[in-house]
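J.: Contents of data-v1.txt (compact mmCIF, C-alpha atoms) are below:
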# COMPACT_ATOMS: atom_id res chain seq x y z
CA MET X 1 0.00 0.00 0.00
CA THR X 2 2.83 2.39 0.84
CA VAL X 3 4.51 1.64 -2.51
CA LEU X 4 1.23 2.30 -4.35
CA ARG X 5 0.79 5.62 -2.59
CA ARG X 6 4.31 6.68 -3.48
CA ALA X 7 3.72 5.74 -7.11
CA ALA X 8 0.31 7.44 -7.30
CA VAL X 9 1.57 10.97 -7.96
CA PRO X 10 4.17 10.04 -10.65
CA ALA X 11 1.68 7.68 -12.33
CA THR X 12 -1.07 10.32 -12.39
CA LEU X 13 1.25 12.99 -13.75
CA LEU X 14 2.64 10.62 -16.40
CA ALA X 15 -0.87 9.70 -17.57
CA LEU X 16 -1.86 13.38 -17.80
CA ALA X 17 1.35 14.28 -19.63
CA LEU X 18 0.52 11.74 -22.36
CA VAL X 19 -3.04 13.00 -23.05
CA PRO X 20 -2.04 15.58 -25.73
CA LEU X 21 -0.34 12.79 -27.71
CA ALA X 22 -3.81 11.43 -28.52
CA GLY X 23 -4.24 14.44 -30.81
CA GLN X 24 -7.94 14.95 -30.02
CA GLU X 25 -9.10 18.47 -29.20
CA PHE X 26 -12.07 17.18 -27.19
CA ALA X 27 -9.83 15.10 -24.91
CA LEU X 28 -7.43 18.03 -24.54
CA ASP X 29 -10.24 20.36 -23.47
CA LEU X 30 -11.82 17.81 -21.13
CA PHE X 31 -8.58 16.91 -19.35
CA THR X 32 -7.61 20.56 -19.03
CA ARG X 33 -10.89 21.05 -17.19
CA ILE X 34 -10.23 17.93 -15.10
CA MET X 35 -6.82 19.25 -14.02
CA ILE X 36 -8.26 22.68 -13.16
CA PHE X 37 -10.94 21.19 -10.95
CA GLY X 38 -8.43 18.67 -9.65
CA LEU X 39 -6.33 21.62 -8.51
CA ALA X 40 -9.37 23.17 -6.80
CA ALA X 41 -10.21 19.84 -5.14
CA LEU X 42 -6.58 19.38 -4.08
CA SER X 43 -6.69 22.76 -2.32
CA LEU X 44 -9.87 21.79 -0.48
CA ASP X 45 -8.37 18.44 0.52
CA PHE X 46 -5.49 20.27 2.19
CA ILE X 47 -7.86 21.75 4.79
CA LEU X 48 -10.60 19.09 4.70
CA GLY X 49 -8.63 15.85 4.49
CA TYR X 50 -5.67 16.90 6.60
CA GLY X 51 -7.13 19.64 8.78
CA GLY X 52 -10.72 18.50 9.24
CA MET X 53 -12.03 21.95 8.18
CA VAL X 54 -15.24 21.29 6.24
CA SER X 55 -15.48 24.40 4.08
CA PHE X 56 -18.71 24.47 2.10
CA GLY X 57 -17.86 27.69 0.28
CA HIS X 58 -14.64 26.75 -1.46
CA ALA X 59 -15.98 27.63 -4.92
CA ALA X 60 -15.90 31.30 -3.87
CA TYR X 61 -12.12 31.31 -4.35
CA LEU X 62 -12.50 29.66 -7.75
CA GLY X 63 -14.87 32.47 -8.69
CA ILE X 64 -12.62 35.22 -7.33
CA GLY X 65 -9.72 33.88 -9.43
CA SER X 66 -11.92 33.84 -12.54
CA TYR X 67 -13.32 37.32 -11.92
CA ALA X 68 -9.80 38.66 -11.39
CA VAL X 69 -9.09 37.74 -15.02
CA GLY X 70 -12.46 38.78 -16.44
CA ILE X 71 -12.65 42.18 -14.77
CA SER X 72 -8.99 42.92 -15.54
CA VAL X 73 -9.48 42.18 -19.24
CA ALA X 74 -12.68 44.26 -19.29
CA LEU X 75 -10.68 47.18 -17.86
CA GLY X 76 -7.90 46.75 -20.43
CA LEU X 77 -5.33 44.86 -18.30
CA THR X 78 -4.16 41.71 -20.09
CA ASP X 79 -0.82 41.02 -18.40
CA GLY X 80 -0.79 37.41 -17.26
CA PHE X 81 1.47 37.98 -14.27
CA ALA X 82 -0.88 40.72 -13.05
CA HIS X 83 -3.81 38.31 -13.47
CA LEU X 84 -1.96 35.65 -11.49
CA ALA X 85 -1.15 38.11 -8.69
CA LEU X 86 -4.72 39.41 -8.54
CA ALA X 87 -6.26 35.93 -8.62
CA ALA X 88 -3.94 34.47 -5.97
CA GLY X 89 -3.88 37.62 -3.84
CA GLY X 90 -7.62 38.27 -4.02
CA SER X 91 -8.49 34.66 -3.17
CA GLY X 92 -5.92 34.55 -0.38
CA LEU X 93 -7.24 37.80 1.12
CA ALA X 94 -10.83 36.52 0.98
CA ALA X 95 -9.73 33.26 2.65
CA LEU X 96 -7.94 35.27 5.34
CA VAL X 97 -11.09 37.27 6.18
CA ILE X 98 -13.42 34.26 6.02
CA GLY X 99 -11.04 32.02 7.96
CA PHE X 100 -10.43 34.67 10.63
CA VAL X 101 -14.16 34.65 11.43
CA ALA X 102 -15.16 31.06 10.66
CA LEU X 103 -12.23 29.31 12.38
CA ARG X 104 -13.37 30.68 15.73
CA THR X 105 -16.33 28.32 15.47
CA ARG X 106 -16.64 24.56 15.07
CA GLY X 107 -18.89 21.93 13.54
CA THR X 108 -22.10 22.97 11.79
CA THR X 109 -21.54 26.64 12.61
CA PHE X 110 -18.22 26.60 10.76
CA ILE X 111 -19.80 24.92 7.72
CA MET X 112 -22.68 27.40 7.61
CA LEU X 113 -20.37 30.41 7.99
CA THR X 114 -18.20 29.35 5.06
CA LEU X 115 -21.37 28.79 3.03
CA ALA X 116 -22.78 32.18 4.04
CA PHE X 117 -19.60 34.05 3.10
CA ALA X 118 -19.46 32.27 -0.25
CA GLN X 119 -23.06 33.18 -1.01
CA MET X 120 -22.35 36.79 -0.09
CA ILE X 121 -19.56 36.86 -2.69
CA TYR X 122 -21.85 35.11 -5.18
CA PHE X 123 -24.60 37.73 -4.82
CA LEU X 124 -22.01 40.53 -4.94
CA CYS X 125 -20.74 39.30 -8.31
CA GLU X 126 -24.32 38.81 -9.50
CA SER X 127 -24.96 42.51 -8.81
CA LEU X 128 -22.01 43.68 -10.96
CA ASN X 129 -24.12 44.66 -13.96
CA GLN X 130 -21.21 46.49 -15.61
CA PHE X 131 -19.43 43.11 -15.77
CA GLY X 132 -22.34 41.04 -17.02
CA GLY X 133 -24.20 40.47 -13.77
CA ASP X 134 -26.17 37.23 -13.78
CA ASN X 135 -25.73 36.85 -17.55
CA GLY X 136 -21.98 36.48 -17.28
CA LEU X 137 -19.12 38.10 -19.14
CA ASN X 138 -17.19 37.06 -22.24
CA ILE X 139 -13.39 37.21 -21.96
CA PRO X 140 -12.09 38.13 -25.44
CA THR X 141 -8.38 37.93 -24.55
CA HIS X 142 -6.33 35.32 -22.71
CA SER X 143 -3.85 36.20 -20.00
CA ASP X 144 -0.73 37.45 -21.75
CA PHE X 145 2.47 35.76 -20.52
CA GLY X 146 4.44 36.73 -23.60
CA ARG X 147 4.97 35.02 -26.93
CA TRP X 148 6.56 31.96 -25.30
CA LEU X 149 3.33 31.08 -23.45
CA PRO X 150 0.39 31.82 -25.77
CA LEU X 151 -2.57 30.56 -23.72
CA ASP X 152 -4.85 30.86 -26.75
CA ASP X 153 -3.16 27.65 -27.93
CA PRO X 154 -5.05 24.74 -26.23
CA ARG X 155 -1.86 22.65 -25.94
CA VAL X 156 0.04 25.46 -24.25
CA LEU X 157 -2.86 26.05 -21.84
CA TYR X 158 -2.95 22.31 -21.16
CA TYR X 159 0.71 22.10 -20.25
CA VAL X 160 0.60 25.30 -18.19
CA THR X 161 -2.29 23.78 -16.22
CA PHE X 162 -0.37 20.50 -15.99
CA ALA X 163 2.71 22.33 -14.66
CA ALA X 164 0.63 24.19 -12.05
CA LEU X 165 -0.96 20.93 -10.90
CA ALA X 166 2.40 19.14 -10.72
CA VAL X 167 4.00 22.00 -8.74
CA PHE X 168 1.16 22.19 -6.22
CA LEU X 169 1.04 18.40 -5.84
CA LEU X 170 4.75 18.23 -5.05
CA LEU X 171 4.65 21.31 -2.81
CA GLY X 172 1.57 19.92 -1.09
CA ARG X 173 3.39 16.70 -0.23
CA ARG X 174 6.30 18.69 1.21
CA VAL X 175 4.00 20.90 3.28
CA VAL X 176 1.96 17.99 4.61
CA ARG X 177 5.15 16.21 5.76
CA SER X 178 6.64 19.37 7.28
CA ARG X 179 6.30 20.52 10.88
CA PHE X 180 3.49 22.83 9.75
CA GLY X 181 1.61 19.91 8.19
CA LEU X 182 2.12 17.70 11.23
CA VAL X 183 0.58 20.38 13.48
CA ILE X 184 -2.44 20.72 11.15
CA ARG X 185 -2.96 16.95 11.11
CA ALA X 186 -2.49 16.62 14.86
CA ALA X 187 -4.97 19.45 15.51
CA LYS X 188 -7.54 17.55 13.48
CA SER X 189 -7.20 14.60 15.86
CA ASN X 190 -6.99 16.53 19.13
CA GLU X 191 -7.02 20.32 18.95
CA ARG X 192 -7.10 20.83 22.73
CA ARG X 193 -4.02 18.73 23.27
CA MET X 194 -2.08 20.66 20.63
CA ALA X 195 -3.11 23.95 22.25
CA ALA X 196 -2.06 22.60 25.64
CA LEU X 197 1.36 21.77 24.18
CA GLY X 198 1.77 25.43 23.30
CA PHE X 199 1.01 25.41 19.58
CA PRO X 200 -1.05 28.41 18.30
CA VAL X 201 -3.55 26.15 16.55
CA PHE X 202 -5.73 28.99 15.28
CA HIS X 203 -2.81 30.61 13.46
CA TYR X 204 -1.76 27.32 11.88
CA GLN X 205 -5.31 26.60 10.73
CA LEU X 206 -5.74 30.13 9.39
CA ALA X 207 -2.48 29.83 7.42
CA ALA X 208 -3.68 26.51 5.94
CA PHE X 209 -7.02 28.10 5.09
CA VAL X 210 -5.30 30.97 3.25
CA ILE X 211 -3.02 28.58 1.35
CA ALA X 212 -6.03 26.55 0.21
CA GLY X 213 -7.90 29.67 -0.91
CA THR X 214 -4.87 30.99 -2.81
CA VAL X 215 -4.33 27.72 -4.72
CA CYS X 216 -8.03 27.58 -5.61
CA GLY X 217 -7.77 31.16 -6.89
CA VAL X 218 -5.00 30.06 -9.28
CA ALA X 219 -7.34 27.30 -10.51
CA GLY X 220 -9.98 29.98 -11.10
CA MET X 221 -7.57 32.02 -13.22
CA LEU X 222 -6.83 28.97 -15.37
CA LEU X 223 -10.55 28.18 -15.67
CA ALA X 224 -11.28 31.68 -16.97
CA ASN X 225 -8.59 31.25 -19.63
CA GLN X 226 -10.03 27.92 -20.68
CA THR X 227 -13.73 28.84 -20.86
CA GLU X 228 -13.19 32.47 -21.99
CA PHE X 229 -16.36 33.21 -20.05
CA LEU X 230 -17.31 33.77 -16.43
CA ALA X 231 -20.57 33.97 -14.51
CA PRO X 232 -21.56 34.04 -10.83
CA ALA X 233 -22.71 30.43 -11.14
CA ILE X 234 -19.06 29.37 -10.91
CA MET X 235 -19.10 30.19 -7.20
CA HIS X 236 -22.60 28.96 -6.32
CA TRP X 237 -22.88 26.64 -3.32
CA THR X 238 -23.65 23.71 -5.64
CA ARG X 239 -20.19 24.12 -7.19
CA SER X 240 -18.66 23.93 -3.71
CA GLY X 241 -20.59 20.70 -3.22
CA GLU X 242 -19.19 19.32 -6.48
CA ILE X 243 -15.62 20.12 -5.43
CA MET X 244 -16.21 18.44 -2.08
CA MET X 245 -17.65 15.41 -3.88
CA MET X 246 -14.46 15.19 -5.97
CA VAL X 247 -12.43 15.06 -2.75
CA ILE X 248 -14.64 12.32 -1.32
CA LEU X 249 -14.62 10.30 -4.57
CA GLY X 250 -10.83 10.28 -4.74
CA GLY X 251 -10.17 9.94 -1.03
CA ARG X 252 -9.59 12.55 1.62
CA GLY X 253 -6.11 13.21 2.94
CA THR X 254 -4.29 11.98 -0.16
CA LEU X 255 -3.74 15.13 -2.32
CA VAL X 256 -3.58 13.09 -5.54
CA GLY X 257 -6.92 11.43 -4.71
CA PRO X 258 -8.98 14.58 -5.36
CA VAL X 259 -7.41 14.86 -8.83
CA VAL X 260 -8.57 11.31 -9.55
CA GLY X 261 -11.94 12.21 -8.01
CA ALA X 262 -12.24 15.21 -10.33
CA ALA X 263 -11.54 12.92 -13.29
CA ILE X 264 -14.17 10.39 -12.16
CA TYR X 265 -16.79 13.08 -11.52
CA LEU X 266 -16.31 14.98 -14.78
CA LEU X 267 -16.01 11.82 -16.90
CA LEU X 268 -19.21 10.46 -15.34
CA GLU X 269 -20.89 13.78 -16.05
CA GLN X 270 -19.70 13.65 -19.67
CA VAL X 271 -20.78 10.03 -20.26
CA LEU X 272 -24.16 10.28 -18.53
CA SER X 273 -25.08 13.56 -20.24
CA GLY X 274 -24.48 11.79 -23.56
CA TRP X 275 -26.97 9.07 -22.61
CA THR X 276 -29.82 11.13 -21.23
CA GLU X 277 -30.79 14.75 -20.63
CA HIS X 278 -31.76 13.71 -17.09
CA TRP X 279 -28.20 12.62 -16.32
CA GLN X 280 -28.23 14.34 -12.92
CA ALA X 281 -30.95 11.95 -11.75
CA VAL X 282 -28.58 9.06 -12.53
CA LEU X 283 -25.45 10.71 -11.16
CA GLY X 284 -27.14 11.56 -7.85
CA PRO X 285 -27.71 7.96 -6.63
CA ILE X 286 -24.19 7.00 -7.74
CA LEU X 287 -22.69 9.78 -5.61
CA VAL X 288 -24.94 8.90 -2.65
CA ALA X 289 -23.76 5.29 -2.84
CA VAL X 290 -20.12 6.38 -2.99
CA VAL X 291 -20.52 8.66 0.04
CA LEU X 292 -22.22 5.90 2.05
CA LEU X 293 -19.61 3.31 1.10
CA SER X 294 -16.79 5.73 1.96
CA ARG X 295 -17.78 5.42 5.63
CA PRO X 296 -15.90 2.55 7.36
CA ARG X 297 -18.93 1.75 9.52
CA THR X 298 -21.14 1.30 6.43
CA ARG X 299 -18.53 -0.94 4.75
CA ARG X 300 -18.23 -3.11 7.87
CA ALA X 301 -22.02 -3.47 8.13
CA LEU X 302 -22.27 -4.43 4.45
CA ALA X 303 -19.45 -6.96 4.80
CA GLN X 304 -21.17 -8.55 7.83
CA ARG X 305 -24.44 -8.92 5.91
CA LEU X 306 -22.67 -10.55 2.98
CA ARG X 307 -20.96 -13.01 5.36
CA ARG X 308 -24.31 -13.90 6.96
CA ARG X 309 -25.86 -14.59 3.57
CA ARG X 310 -22.98 -16.89 2.67
CA ILE X 311 -23.12 -18.76 5.97
CA ALA X 312 -26.95 -19.13 6.08
CA PRO X 313 -27.33 -21.54 3.12
CA ALA X 314 -24.48 -23.69 4.40
CA HIS X 315 -26.28 -24.27 7.73
CA ALA X 316 -29.62 -24.82 6.02
Please express what this file holds, its structure, as structure tokens.

T.:
Amino acid sequence: MTVLRRAAVPATLLALALVPLAGQEFALDLFTRIMIFGLAALSLDFILGYGGMVSFGHAAYLGIGSYAVGISVALGLTDGFAHLALAAGGSGLAALVIGFVALRTRGTTFIMLTLAFAQMIYFLCESLNQFGGDNGLNIPTHSDFGRWLPLDDPRVLYYVTFAALAVFLLLGRRVVRSRFGLVIRAAKSNERRMAALGFPVFHYQLAAFVIAGTVCGVAGMLLANQTEFLAPAIMHWTRSGEIMMMVILGGRGTLVGPVVGAAIYLLLEQVLSGWTEHWQAVLGPILVAVVLLSRPRTRRALAQRLRRRRIAPAHA
């Protein structure tokens, strides 16, 4: 199992690196989207899987990153490095404010506060009529990183997204194994004990929260460059639920798992939508089953029932 976990990141990155060799534009576009949402799910896993912070408003940072690009282009600013700074900085600042308030609470209150803040940002963007409001805004120009990185080329955008995902995966592994990561993980298990040992748990958790928001903002910037369109719907609470589902599908506390979860979710969405226009009615029960089976208690109960059914005929 340890060997498989060590090989998971290189194997995933190798598989993604080979996608453009297929030469299909549809696959290129789909897997670019998968990596973008995988990056967003990875950032959520950092605080959810390792820190136990169930943020139900994570899509807000995805939206802030996208709006940083869209509004900048609408105002005449096309510099890619400025877009990156605005997306990462704006998302990080929002995470700092939200985390500073929400992390003083626990449980359901924490979940509802993150949701409430995200909805506030959603309705704020919906009210920006000069930038499309509820109808959204077209982005006519990609982020300009110079002639060596023309993001209007789908292959270049793919490999830029791939590079961002690879960097954050490797950095994420380093952070999780560092002293900082150990404190975050220990606080998830027993926060009071860590505080009693003298660790400023709140500050560690707030720093993790800001890191997660910043990374998700970068994913939002990449998403705006891929879709060339933005709308408030990108940060609706349902989108936060989708990102959380990607984390659960791939496995919490794994970093690479959420990337796999994003692939499973978006590929299921693609396949089912091709079969029926009511694909959400099919996807829903599948996700419910996955969530139930992800609980150890449910798996143990199911295994016990299967054993009883096997033993019963033998005695009869």

J.: What is the CA of Tyr50 in chain X to CA of Leu62 in chain X distance in Å?

T.: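 Interatomic distance, CA of Tyr50 in chain X to CA of Leu62 in chain X: 20.4 Å.
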
J.: Select, from X:Thr105, X:Asp29, X:Asn129, X:Thr276, the residue with the minimum atom-to-atom distance to Asp153 in chain X, counting only C-alpha atoms.

T.: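 With only C-alpha atoms as the atom set, the closest residue is X:Asp29.
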
J.: Please list as a PyMOL selection string every residue within 6 Å of Val69 in chain X, counting only C-alpha atoms and excluding residues in the same chain fewer than 3 positions away.

T.: chain X and resi 66+72+83

J.: If I put a ball of radius 12 Å at (-19.7, 28.9, 13.0) in the file's coordinates, which residues poke into it when counting only C-alpha atoms, written as a list of chain:residue names?

T.: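 Result, sorted by chain then residue number: X:Met53, X:Val54, X:Ser55, X:Phe56, X:Ile98, X:Gly99, X:Phe100, X:Val101, X:Ala102, X:Leu103, X:Arg104, X:Thr105, X:Arg106, X:Gly107, X:Thr108, X:Thr109, X:Phe110, X:Ile111, X:Met112, X:Leu113, X:Thr114, X:Leu115, X:Ala116, X:Phe117.
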
J.: Taking into account all atoms listed in the file, which residue in the set X:Ala281, X:Leu255, X:Leu21, X:Val167 is nearest to Asp45 in chain X?

T.: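 Residue with the minimum atom-to-atom distance to Asp45 in chain X: X:Leu255.
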
J.: Mind pulling up the distance from CA of Ala22 in chain X to CA of Gly251 in chain X?

T.: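 If I compute the distance from CA of Gly251 in chain X to CA of Ala22 in chain X, I get 28.3 Å.
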
J.: Using only C-alpha atoms, which of the listed residues (X:Gly217, X:Gly172, X:Pro200, X:Pro140) sits closest to Gly92 in chain X?

T.: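 Closest candidate: X:Gly217.
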
J.: So which residues fall inside 8 Å of (-14.0, 10.8, -1.6) if we count all atoms listed in the file? Mind giving them as a PyMOL selection string?

T.: chain X and resi 244-252+257-258+261+290-291+294

J.: Go through X:Phe229, X:Phe145, X:Tyr67, X:Tyr122 one by one, measure the shortest atom-to-atom distance of each to Asp79 in chain X using all atoms listed in the file, and give the residue with the smallest value.

T.: X:Phe145

J.: If we count only C-alpha atoms, what is near Val176 in chain X at a cut-off of 10 Å, once residues fewer than 4 positions away on the same chain are taken out, given as a PyMOL selection string?

T.: chain X and resi 46+50+171-172+180-185+253-255

J.: Take every atom of range 236-243 of chain X listed in the file, pad by 6 Å on each side, and give me the axis-aligned box centre and edge lengths in Å, one decimal, as lines of an AutoDock Vina configuration file.

T.:
center_x = -19.6
center_y = 24.1
center_z = -5.2
size_x = 20.0
size_y = 21.6
size_z = 16.0

J.: Take CA of Leu16 in chain X and CA of Ala41 in chain X and report the distance between them in Å, one decimal.

T.: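 Going from CA of Leu16 in chain X over to CA of Ala41 in chain X covers 16.5 Å.
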
J.: For a quick check of understanding, using all atoms listed in the file, which of X:Ala212, X:Ala17, X:Leu30, X:Val256 has the smallest distance to Ala95 in chain X?

T.: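 Of the candidates, the smallest distance to Ala95 in chain X is held by X:Ala212.
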
J.: Counting all atoms listed in the file, figure out which residue out of X:Ala186, X:Ala208, X:Ile264, X:Leu222 gets nearest to Leu48 in chain X.

T.: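 Going through X:Ala186, X:Ala208, X:Ile264, X:Leu222 one by one, the smallest distance to Leu48 in chain X is for X:Ala208.
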
J.: Please provide the set of residues having any atom within 12 Å of His142 in chain X, restricted to all atoms listed in the file, with same-chain residues fewer than 3 positions apart removed, written as a ChimeraX atom specification.

T.: /X:66,69-70,72-74,76-81,83,138-139,145-146,149-154,156-157,221-229

J.: Could you list, as a count of residues only, every residue within 7 Å of Cys125 in chain X, counting all atoms listed in the file and ignoring same-chain residues fewer than 4 positions away?

T.: 3

J.: Missing atoms in range 64-94 of chain X need filling: write out N, CA and C atoms for it as an mmCIF file, in the frame of the given file.

T.:
data_model
loop_
_atom_site.group_PDB
_atom_site.id
_atom_site.type_symbol
_atom_site.label_atom_id
_atom_site.label_comp_id
_atom_site.auth_asym_id
_atom_site.auth_seq_id
_atom_site.Cartn_x
_atom_site.Cartn_y
_atom_site.Cartn_z
ATOM 1 N N ILE X 64 -13.443 34.005 -7.481
ATOM 2 C CA ILE X 64 -12.620 35.220 -7.330
ATOM 3 C C ILE X 64 -11.457 35.183 -8.322
ATOM 4 N N GLY X 65 -10.819 34.017 -8.472
ATOM 5 C CA GLY X 65 -9.720 33.880 -9.430
ATOM 6 C C GLY X 65 -10.183 34.131 -10.854
ATOM 7 N N SER X 66 -11.375 33.637 -11.198
ATOM 8 C CA SER X 66 -11.920 33.840 -12.540
ATOM 9 C C SER X 66 -12.282 35.305 -12.773
ATOM 10 N N TYR X 67 -12.916 35.918 -11.784
ATOM 11 C CA TYR X 67 -13.320 37.320 -11.920
ATOM 12 C C TYR X 67 -12.104 38.247 -11.958
ATOM 13 N N ALA X 68 -11.015 37.851 -11.327
ATOM 14 C CA ALA X 68 -9.800 38.660 -11.390
ATOM 15 C C ALA X 68 -9.326 38.797 -12.831
ATOM 16 N N VAL X 69 -9.468 37.710 -13.604
ATOM 17 C CA VAL X 69 -9.090 37.740 -15.020
ATOM 18 C C VAL X 69 -10.120 38.510 -15.832
ATOM 19 N N GLY X 70 -11.404 38.168 -15.652
ATOM 20 C CA GLY X 70 -12.460 38.780 -16.440
ATOM 21 C C GLY X 70 -12.568 40.277 -16.274
ATOM 22 N N ILE X 71 -12.538 40.741 -15.033
ATOM 23 C CA ILE X 71 -12.650 42.180 -14.770
ATOM 24 C C ILE X 71 -11.407 42.911 -15.260
ATOM 25 N N SER X 72 -10.234 42.297 -15.074
ATOM 26 C CA SER X 72 -8.990 42.920 -15.540
ATOM 27 C C SER X 72 -9.002 43.124 -17.049
ATOM 28 N N VAL X 73 -9.420 42.084 -17.786
ATOM 29 C CA VAL X 73 -9.480 42.180 -19.240
ATOM 30 C C VAL X 73 -10.500 43.234 -19.668
ATOM 31 N N ALA X 74 -11.641 43.275 -18.968
ATOM 32 C CA ALA X 74 -12.680 44.260 -19.290
ATOM 33 C C ALA X 74 -12.172 45.688 -19.080
ATOM 34 N N LEU X 75 -11.242 45.856 -18.137
ATOM 35 C CA LEU X 75 -10.680 47.180 -17.860
ATOM 36 C C LEU X 75 -9.422 47.471 -18.681
ATOM 37 N N GLY X 76 -9.033 46.528 -19.538
ATOM 38 C CA GLY X 76 -7.900 46.750 -20.430
ATOM 39 C C GLY X 76 -6.577 46.190 -19.950
ATOM 40 N N LEU X 77 -6.570 45.451 -18.823
ATOM 41 C CA LEU X 77 -5.330 44.860 -18.300
ATOM 42 C C LEU X 77 -5.253 43.407 -18.738
ATOM 43 N N THR X 78 -4.270 43.069 -19.568
ATOM 44 C CA THR X 78 -4.160 41.710 -20.090
ATOM 45 C C THR X 78 -2.913 40.978 -19.622
ATOM 46 N N ASP X 79 -2.062 41.633 -18.852
ATOM 47 C CA ASP X 79 -0.820 41.020 -18.400
ATOM 48 C C ASP X 79 -1.095 39.787 -17.542
ATOM 49 N N GLY X 80 -0.529 38.657 -17.953
ATOM 50 C CA GLY X 80 -0.790 37.410 -17.260
ATOM 51 C C GLY X 80 -0.258 37.370 -15.841
ATOM 52 N N PHE X 81 0.899 37.978 -15.622
ATOM 53 C CA PHE X 81 1.470 37.980 -14.270
ATOM 54 C C PHE X 81 0.626 38.820 -13.320
ATOM 55 N N ALA X 82 0.033 39.902 -13.854
ATOM 56 C CA ALA X 82 -0.880 40.720 -13.050
ATOM 57 C C ALA X 82 -2.136 39.918 -12.721
ATOM 58 N N HIS X 83 -2.636 39.162 -13.700
ATOM 59 C CA HIS X 83 -3.810 38.310 -13.470
ATOM 60 C C HIS X 83 -3.524 37.273 -12.381
ATOM 61 N N LEU X 84 -2.341 36.659 -12.473
ATOM 62 C CA LEU X 84 -1.960 35.650 -11.490
ATOM 63 C C LEU X 84 -1.876 36.262 -10.089
ATOM 64 N N ALA X 85 -1.277 37.435 -9.989
ATOM 65 C CA ALA X 85 -1.150 38.110 -8.690
ATOM 66 C C ALA X 85 -2.510 38.495 -8.129
ATOM 67 N N LEU X 86 -3.388 39.005 -8.993
ATOM 68 C CA LEU X 86 -4.720 39.410 -8.540
ATOM 69 C C LEU X 86 -5.568 38.211 -8.140
ATOM 70 N N ALA X 87 -5.477 37.133 -8.920
ATOM 71 C CA ALA X 87 -6.260 35.930 -8.620
ATOM 72 C C ALA X 87 -5.809 35.286 -7.314
ATOM 73 N N ALA X 88 -4.485 35.093 -7.181
ATOM 74 C CA ALA X 88 -3.940 34.470 -5.970
ATOM 75 C C ALA X 88 -4.105 35.391 -4.758
ATOM 76 N N GLY X 89 -3.779 36.672 -4.948
ATOM 77 C CA GLY X 89 -3.880 37.620 -3.840
ATOM 78 C C GLY X 89 -5.299 37.869 -3.399
ATOM 79 N N GLY X 90 -6.217 38.038 -4.360
ATOM 80 C CA GLY X 90 -7.620 38.270 -4.020
ATOM 81 C C GLY X 90 -8.239 37.085 -3.301
ATOM 82 N N SER X 91 -7.959 35.879 -3.793
ATOM 83 C CA SER X 91 -8.490 34.660 -3.170
ATOM 84 C C SER X 91 -7.882 34.451 -1.781
ATOM 85 N N GLY X 92 -6.575 34.688 -1.677
ATOM 86 C CA GLY X 92 -5.920 34.550 -0.380
ATOM 87 C C GLY X 92 -6.448 35.532 0.642
ATOM 88 N N LEU X 93 -6.701 36.783 0.211
ATOM 89 C CA LEU X 93 -7.240 37.800 1.120
ATOM 90 C C LEU X 93 -8.647 37.430 1.562
ATOM 91 N N ALA X 94 -9.470 36.951 0.616
ATOM 92 C CA ALA X 94 -10.830 36.520 0.980
ATOM 93 C C ALA X 94 -10.785 35.358 1.967
#
